[in-house]
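Printed here is data28.txt (compact mmCIF, C-alpha atoms):
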```txt
# COMPACT_ATOMS: atom_id res chain seq x y z
CA MET A 1 15.38 1.82 -31.05
CA ASN A 2 13.18 4.64 -32.42
CA LEU A 3 11.01 6.80 -30.17
CA VAL A 4 7.78 4.99 -31.04
CA LEU A 5 9.24 1.60 -30.13
CA LEU A 6 10.84 3.04 -27.00
CA ALA A 7 7.51 4.44 -25.85
CA ALA A 8 5.79 1.14 -26.52
CA PHE A 9 8.50 -0.72 -24.59
CA PHE A 10 8.19 1.67 -21.63
CA MET A 11 4.43 1.30 -21.44
CA ALA A 12 4.71 -2.47 -21.63
CA GLY A 13 7.07 -2.37 -18.68
CA ILE A 14 4.54 -0.41 -16.66
CA THR A 15 1.27 -2.04 -17.53
CA GLY A 16 2.03 -5.63 -18.50
CA SER A 17 0.74 -7.85 -21.27
CA ASN A 18 -2.92 -6.85 -21.18
CA ALA A 19 -3.01 -3.07 -20.67
CA GLN A 20 -6.15 -1.00 -20.30
CA SER A 21 -6.94 2.24 -18.50
CA ILE A 22 -9.59 4.15 -16.58
CA ASP A 23 -10.09 7.87 -15.96
CA LEU A 24 -12.13 9.21 -13.05
CA GLY A 25 -11.42 12.86 -13.67
CA ARG A 26 -7.80 13.03 -12.53
CA GLY A 27 -6.16 11.64 -15.62
CA GLU A 28 -5.69 8.23 -17.13
CA ILE A 29 -4.76 5.35 -14.81
CA PRO A 30 -3.17 2.33 -16.51
CA VAL A 31 -4.77 -0.97 -15.50
CA THR A 32 -2.74 -4.16 -15.68
CA VAL A 33 -4.91 -7.21 -16.38
CA PRO A 34 -3.17 -10.61 -16.13
CA GLU A 35 -2.76 -12.75 -19.20
CA GLY A 36 -5.52 -15.32 -19.29
CA TYR A 37 -7.95 -13.17 -17.30
CA ASP A 38 -11.33 -14.92 -17.20
CA ASP A 39 -14.36 -12.76 -16.44
CA SER A 40 -16.09 -15.74 -14.85
CA ILE A 41 -13.38 -16.05 -12.17
CA PRO A 42 -13.10 -13.53 -9.29
CA THR A 43 -9.69 -11.85 -9.57
CA PRO A 44 -7.68 -10.17 -6.78
CA LEU A 45 -6.94 -6.44 -6.98
CA ILE A 46 -3.81 -4.64 -5.76
CA VAL A 47 -3.87 -0.84 -5.60
CA ALA A 48 -0.40 0.72 -5.20
CA LEU A 49 -0.19 4.17 -3.59
CA HIS A 50 2.97 6.21 -4.09
CA GLY A 51 4.74 8.51 -1.66
CA TYR A 52 4.92 12.30 -1.45
CA THR A 53 6.37 13.85 -4.67
CA SER A 54 6.18 10.53 -6.53
CA ASN A 55 3.60 9.08 -8.93
CA GLY A 56 1.89 5.87 -9.97
CA PRO A 57 4.39 4.68 -12.61
CA ARG A 58 7.27 5.19 -10.19
CA ILE A 59 5.85 3.07 -7.39
CA ASP A 60 4.86 0.40 -9.89
CA SER A 61 8.41 0.35 -11.23
CA TYR A 62 9.83 0.39 -7.68
CA MET A 63 7.76 -2.50 -6.33
CA GLY A 64 7.11 -4.32 -9.60
CA PHE A 65 3.45 -5.21 -9.19
CA SER A 66 2.54 -5.01 -12.88
CA ARG A 67 5.51 -7.23 -13.76
CA MET A 68 4.21 -9.98 -11.46
CA ALA A 69 0.53 -9.77 -12.41
CA ASP A 70 0.69 -12.62 -14.93
CA ASP A 71 2.47 -14.93 -12.51
CA TYR A 72 0.05 -14.37 -9.62
CA GLY A 73 -3.13 -13.64 -11.57
CA TYR A 74 -4.23 -10.27 -10.15
CA ILE A 75 -5.31 -6.91 -11.54
CA THR A 76 -3.29 -3.90 -10.41
CA VAL A 77 -3.42 -0.11 -10.67
CA ALA A 78 -1.21 2.69 -9.39
CA PRO A 79 -3.05 6.04 -9.39
CA THR A 80 -1.22 9.36 -9.20
CA ALA A 81 -2.15 11.99 -6.62
CA ILE A 82 -2.94 15.64 -7.36
CA ARG A 83 -0.33 18.39 -7.11
CA GLU A 84 0.13 21.07 -4.49
CA PRO A 85 -1.15 24.50 -5.56
CA GLU A 86 2.06 26.30 -4.57
CA GLY A 87 5.77 25.84 -3.99
CA ASP A 88 7.26 22.94 -5.92
CA GLU A 89 3.76 21.66 -6.78
CA ASN A 90 4.61 18.21 -5.47
CA THR A 91 2.15 15.35 -5.72
CA PHE A 92 0.54 14.43 -2.40
CA TRP A 93 -2.23 12.37 -0.84
CA ASN A 94 -4.49 13.98 1.78
CA ALA A 95 -3.94 11.05 4.13
CA SER A 96 -3.52 12.40 7.66
CA MET A 97 -2.74 15.49 9.72
CA ALA A 98 0.95 14.58 9.63
CA CYS A 99 1.27 13.58 5.98
CA CYS A 100 1.07 15.23 3.57
CA ASN A 101 -1.54 17.91 2.79
CA PHE A 102 0.77 20.79 3.66
CA TYR A 103 -1.31 23.44 1.89
CA GLY A 104 -4.68 22.45 3.33
CA VAL A 105 -6.17 21.52 -0.03
CA GLU A 106 -9.77 20.28 0.15
CA THR A 107 -9.49 16.92 -1.54
CA ASN A 108 -10.92 13.56 -0.50
CA ASP A 109 -8.38 10.99 -1.59
CA VAL A 110 -9.99 8.24 0.46
CA ASP A 111 -13.19 8.43 -1.57
CA TYR A 112 -11.18 8.84 -4.78
CA ILE A 113 -9.37 5.54 -4.25
CA ILE A 114 -12.64 3.85 -3.27
CA SER A 115 -14.16 5.17 -6.52
CA VAL A 116 -11.22 3.66 -8.43
CA ILE A 117 -11.92 0.31 -6.77
CA ASP A 118 -15.65 0.59 -7.50
CA ASP A 119 -15.01 1.48 -11.13
CA LEU A 120 -12.74 -1.52 -11.57
CA LYS A 121 -15.39 -3.73 -9.98
CA SER A 122 -17.87 -2.48 -12.57
CA LYS A 123 -15.51 -3.41 -15.43
CA PHE A 124 -13.88 -6.60 -14.13
CA ASN A 125 -14.77 -9.52 -11.92
CA ILE A 126 -12.88 -8.32 -8.84
CA ASP A 127 -12.77 -10.70 -5.90
CA ASP A 128 -14.47 -8.81 -3.05
CA ARG A 129 -12.51 -10.86 -0.51
CA ARG A 130 -9.13 -9.94 -2.00
CA VAL A 131 -8.93 -6.17 -2.50
CA PHE A 132 -5.51 -5.04 -1.27
CA LEU A 133 -3.68 -1.73 -0.78
CA VAL A 134 0.09 -1.30 -0.83
CA GLY A 135 1.52 2.11 0.02
CA HIS A 136 4.90 3.77 0.43
CA SER A 137 5.33 6.63 2.91
CA ASN A 138 2.46 9.10 2.18
CA GLY A 139 0.75 6.24 0.33
CA GLY A 140 1.15 4.09 3.42
CA PHE A 141 -0.57 6.73 5.53
CA LEU A 142 -3.40 6.76 3.01
CA SER A 143 -3.62 2.96 3.04
CA TYR A 144 -4.19 2.97 6.78
CA ARG A 145 -6.82 5.68 6.52
CA ILE A 146 -8.74 3.87 3.79
CA ALA A 147 -8.56 0.61 5.73
CA TYR A 148 -9.88 2.40 8.80
CA GLU A 149 -12.73 4.16 7.00
CA TYR A 150 -13.64 1.34 4.57
CA PRO A 151 -12.70 -1.91 6.33
CA GLN A 152 -15.59 -3.70 4.64
CA VAL A 153 -13.89 -3.06 1.26
CA ILE A 154 -10.23 -3.71 2.06
CA ALA A 155 -9.00 -7.19 2.98
CA ALA A 156 -5.39 -6.28 3.79
CA ILE A 157 -2.83 -3.50 3.45
CA ALA A 158 0.96 -3.42 3.33
CA SER A 159 2.61 -0.13 4.24
CA LEU A 160 6.29 0.61 3.66
CA ALA A 161 7.42 3.50 5.86
CA GLY A 162 3.97 5.01 6.35
CA THR A 163 2.05 5.02 9.64
CA MET A 164 -0.87 6.96 11.20
CA ASP A 165 -1.59 10.09 13.21
CA GLN A 166 -0.86 9.76 16.91
CA GLY A 167 -3.90 9.78 19.17
CA PRO A 168 -6.74 7.67 20.51
CA MET A 169 -8.98 5.97 17.95
CA ASP A 170 -12.01 3.74 18.24
CA ALA A 171 -11.79 0.41 16.46
CA PRO A 172 -13.01 0.41 12.84
CA THR A 173 -16.31 -1.27 12.05
CA ALA A 174 -14.64 -4.41 10.64
CA THR A 175 -11.31 -6.19 10.76
CA VAL A 176 -8.45 -5.68 8.31
CA HIS A 177 -5.12 -7.50 8.02
CA VAL A 178 -2.20 -5.04 8.21
CA LEU A 179 1.50 -5.38 7.42
CA GLN A 180 3.89 -2.62 8.44
CA ILE A 181 7.34 -2.66 6.80
CA HIS A 182 9.81 -0.17 8.23
CA GLY A 183 13.54 0.48 8.38
CA THR A 184 15.14 1.37 11.68
CA ALA A 185 17.36 3.98 9.95
CA ASP A 186 14.44 5.77 8.27
CA GLU A 187 15.09 9.51 8.72
CA VAL A 188 11.89 10.66 6.98
CA ILE A 189 9.17 8.70 8.78
CA ARG A 190 11.03 7.52 11.85
CA TYR A 191 10.72 3.95 13.04
CA GLY A 192 10.14 5.12 16.60
CA GLY A 193 7.54 7.73 15.65
CA GLY A 194 7.89 11.49 15.37
CA ASP A 195 6.19 14.55 13.98
CA ILE A 196 5.83 16.53 10.77
CA ARG A 197 5.13 20.22 11.36
CA ASP A 198 4.12 19.42 14.95
CA ASN A 199 1.65 16.73 13.88
CA ARG A 200 2.73 13.49 15.52
CA TYR A 201 2.63 10.10 13.83
CA THR A 202 2.81 6.63 15.36
CA SER A 203 5.88 4.42 15.60
CA ALA A 204 6.12 1.26 13.52
CA VAL A 205 5.55 -0.92 16.58
CA GLY A 206 2.79 1.36 17.88
CA THR A 207 0.98 1.23 14.54
CA VAL A 208 0.96 -2.55 14.50
CA ARG A 209 -0.12 -2.74 18.16
CA HIS A 210 -3.02 -0.37 17.40
CA TRP A 211 -4.25 -2.69 14.67
CA ALA A 212 -3.64 -5.80 16.73
CA GLU A 213 -5.95 -4.27 19.33
CA PHE A 214 -8.48 -3.22 16.69
CA ASN A 215 -8.47 -6.78 15.36
CA GLY A 216 -8.87 -8.36 18.79
CA CYS A 217 -5.45 -10.06 18.76
CA VAL A 218 -3.57 -10.92 21.94
CA SER A 219 -1.28 -8.11 23.06
CA GLU A 220 2.02 -9.98 22.70
CA GLY A 221 3.35 -10.56 19.22
CA ARG A 222 5.47 -13.54 18.26
CA GLY A 223 8.77 -13.45 16.41
CA ARG A 224 8.91 -15.40 13.17
CA GLU A 225 11.32 -16.01 10.29
CA MET A 226 13.95 -13.54 9.13
CA ARG A 227 13.50 -12.10 5.65
CA ASP A 228 15.62 -10.48 2.95
CA LEU A 229 13.91 -7.28 1.84
CA ASP A 230 16.81 -4.83 1.31
CA ALA A 231 19.35 -5.70 -1.37
CA SER A 232 21.84 -3.15 -0.03
CA LEU A 233 22.13 -4.92 3.33
CA PRO A 234 23.83 -8.28 3.87
CA GLY A 235 21.96 -11.47 4.65
CA TYR A 236 18.48 -11.74 6.11
CA GLU A 237 18.25 -8.31 7.71
CA THR A 238 14.50 -8.14 8.41
CA GLY A 239 12.85 -9.44 11.56
CA THR A 240 9.19 -10.42 11.67
CA LEU A 241 6.79 -9.77 14.56
CA ARG A 242 3.33 -11.27 14.11
CA PHE A 243 0.13 -10.62 16.04
CA GLY A 244 -2.03 -13.48 14.87
CA VAL A 245 -3.28 -15.19 18.01
CA GLY A 246 -6.85 -14.66 19.20
CA CYS A 247 -7.64 -12.28 16.35
CA LEU A 248 -11.17 -11.81 15.10
CA PRO A 249 -11.89 -13.36 11.67
CA GLY A 250 -10.35 -11.26 8.91
CA GLY A 251 -7.90 -9.48 11.17
CA SER A 252 -4.21 -9.72 12.07
CA ALA A 253 -1.21 -7.42 12.34
CA GLU A 254 2.42 -7.93 11.39
CA LEU A 255 5.65 -5.92 11.46
CA TRP A 256 8.67 -6.50 9.21
CA THR A 257 11.57 -4.51 10.68
CA ILE A 258 14.46 -3.82 8.28
CA ALA A 259 17.50 -3.45 10.54
CA ALA A 260 19.41 -0.34 9.34
CA GLY A 261 16.88 0.07 6.51
CA ALA A 262 16.28 3.50 4.98
CA HIS A 263 13.06 5.27 4.03
CA SER A 264 13.24 3.98 0.45
CA PRO A 265 15.22 0.74 0.74
CA VAL A 266 16.91 -0.90 -2.21
CA LEU A 267 14.34 -3.63 -2.62
CA SER A 268 15.50 -7.21 -2.92
CA GLU A 269 14.56 -9.24 -6.00
CA SER A 270 11.97 -11.13 -3.97
CA TYR A 271 10.50 -8.13 -2.12
CA GLY A 272 7.43 -7.80 -4.35
CA GLU A 273 6.80 -11.53 -4.32
CA GLN A 274 6.99 -11.63 -0.53
CA VAL A 275 4.47 -8.81 -0.22
CA VAL A 276 2.08 -10.30 -2.78
CA GLU A 277 2.22 -13.72 -1.14
CA TRP A 278 1.54 -12.17 2.25
CA LEU A 279 -1.47 -10.32 0.83
CA PHE A 280 -2.83 -13.44 -0.84
CA ALA A 281 -2.58 -15.29 2.47
CA HIS A 282 -4.79 -12.66 4.13
CA PRO A 283 -8.19 -12.40 2.38
CA GLN A 284 -11.41 -11.36 4.02
CA PRO A 285 -13.21 -14.29 5.62
CA ALA A 286 -15.80 -16.13 3.56
CA SER A 287 -19.32 -14.94 4.28
```
For the file at hand, write its structure as structure tokens.
Amino acid sequence: MNLVLLAAFFMAGITGSNAQSIDLGRGEIPVTVPEGYDDSIPTPLIVALHGYTSNGPRIDSYMGFSRMADDYGYITVAPTAIREPEGDENTFWNASMACCNFYGVETNDVDYIISVIDDLKSKFNIDDRRVFLVGHSNGGFLSYRIAYEYPQVIAAIASLAGTMDQGPMDAPTATVHVLQIHGTADEVIRYGGGDIRDNRYTSAVGTVRHWAEFNGCVSEGRGREMRDLDASLPGYETGTLRFGVGCLPGGSAELWTIAAGAHSPVLSESYGEQVVEWLFAHPQPAS
């Protein structure tokens, strides 16, 4: 395979059968549009947010959202964060005190992601009731912050191994469905909570309980089905705790606990499908 064909094959793997792009001043962002997209039909949007040191193509490859876009009929993008000004010049999102703006760079990544969503809405018929965020680690922290600051825009988020700053918070101005996915053996963002450079972050359970309270759900969650999310662990290793009783319209909270799961688990073949189907089951309420 020559280099031209190899490059074309690689891009097809990232962006799917109907590839376009946008650029809001931080570089080109590939946009995957599902085959058969019809501008007269509102289409869901999934924005994937990578972790510290990573980038958009990597999280898309890791979770496979562009590969599933045709099957589920959604548009998806995976932006890449800016780089640190010093040290290893790692990519980072300015998401919280704990994670991961270690050099105090003045950058508003919340508004940047909202501008990406707005730009896509200007170019495509995006379903306002089904705008979703999926984040890993630092991207999970950012997903929670965007959901908190722009709950009227975001229907639901799914965060793998990313939580929030510890501390009291008032409820956001609207409800948002949240899914926290976390491994109990995560040594980077600990399942039971911890700190990064003395800035504390919430535990997986504490994060979900915060949002259950924000969304008006009853305080006791209910166990549900076991799931297979980690291909490196035997059987159905993931327990589900759902806060879905008494919630205000458009709000719920759920925790998928990967027993012995690491910070970046070896995702099962059905991981992406399970996340997408959960998101699709949690739109904003009809007005």
Mind pulling up the distance from atom CA of A:Met97 to atom CA of A:Leu267?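 Interatomic distance here is 28.5 Å.
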Closest pair table for stretch 71-167 of chain A residues within 7 Å of stretch 194-207 of chain A, all atoms listed in the file, as JSON lines:
```
{"residue": "A:Met97", "atom": "CA", "partner": "A:Asn199", "partner_atom": "CA", "distance": 6.2}
{"residue": "A:Ala98", "atom": "CA", "partner": "A:Asn199", "partner_atom": "CA", "distance": 4.8}
{"residue": "A:Thr163", "atom": "CA", "partner": "A:Thr202", "partner_atom": "CA", "distance": 6.0}
{"residue": "A:Met164", "atom": "CA", "partner": "A:Tyr201", "partner_atom": "CA", "distance": 5.4}
{"residue": "A:Asp165", "atom": "CA", "partner": "A:Tyr201", "partner_atom": "CA", "distance": 4.3}
{"residue": "A:Gln166", "atom": "CA", "partner": "A:Tyr201", "partner_atom": "CA", "distance": 4.7}
```
Residues of stretch 18-129 of chain A at most 12 Å from stretch 170-191 of chain A: nearest atom pair and distance in Å, all atoms listed in the file, as a Markdown table:
```
| residue | atom | partner | partner_atom | distance |
| --- | --- | --- | --- | --- |
| A:Gly51 | CA | A:Ile189 | CA | 11.3 |
| A:Tyr52 | CA | A:Val188 | CA | 11.1 |
| A:Ala98 | CA | A:Ile189 | CA | 10.1 |
| A:Cys99 | CA | A:Ile189 | CA | 9.7 |
| A:Cys100 | CA | A:Ile189 | CA | 11.6 |
| A:Arg129 | CA | A:Val176 | CA | 11.0 |
```
Using all atoms listed in the file, the best pick from A:Val275, A:Val31, A:Ala155, A:Cys247 as closest to A:Asp228 would be A:Val275
Using only C-alpha atoms, which protein or nucleic acid residues come within 10 Å of A:Phe65? Drop anything in the same chain fewer than 6 positions from it, and give the result as a PyMOL selection string. chain A and resi 14-16+32+46-48+59+72+74-78+134+272-273+275-276
At a cut-off of 7 Å, using all atoms listed in the file, what residues contact stretch 233-244 of chain A? Leave out same-chain residues fewer than 3 positions from it and give the result as a tab-separated table (two decimals) with C-alpha atoms, in the coordinates of the input.
```tsv
chain	number	residue	atom	x	y	z
A	212	ALA	CA	-3.64	-5.80	16.73
A	217	CYS	CA	-5.45	-10.06	18.76
A	218	VAL	CA	-3.57	-10.92	21.94
A	220	GLU	CA	2.02	-9.98	22.70
A	221	GLY	CA	3.35	-10.56	19.22
A	222	ARG	CA	5.47	-13.54	18.26
A	223	GLY	CA	8.77	-13.45	16.41
A	224	ARG	CA	8.91	-15.40	13.17
A	225	GLU	CA	11.32	-16.01	10.29
A	226	MET	CA	13.95	-13.54	9.13
A	227	ARG	CA	13.50	-12.10	5.65
A	228	ASP	CA	15.62	-10.48	2.95
A	229	LEU	CA	13.91	-7.28	1.84
A	230	ASP	CA	16.81	-4.83	1.31
A	247	CYS	CA	-7.64	-12.28	16.35
A	252	SER	CA	-4.21	-9.72	12.07
A	253	ALA	CA	-1.21	-7.42	12.34
A	254	GLU	CA	2.42	-7.93	11.39
A	255	LEU	CA	5.65	-5.92	11.46
A	256	TRP	CA	8.67	-6.50	9.21
A	257	THR	CA	11.57	-4.51	10.68
A	258	ILE	CA	14.46	-3.82	8.28
A	259	ALA	CA	17.50	-3.45	10.54
```
Could you jot down the atom CA of A:Leu24 to atom CA of A:Ser143 separation for me, Å, one decimal place?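 These two atoms are separated by 19.2 Å.
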Point-to-point distance in Å for atom CA of A:Val33 and atom CA of A:Ala69: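 Separation between atom CA of A:Ala69 and atom CA of A:Val33: 7.2 Å.
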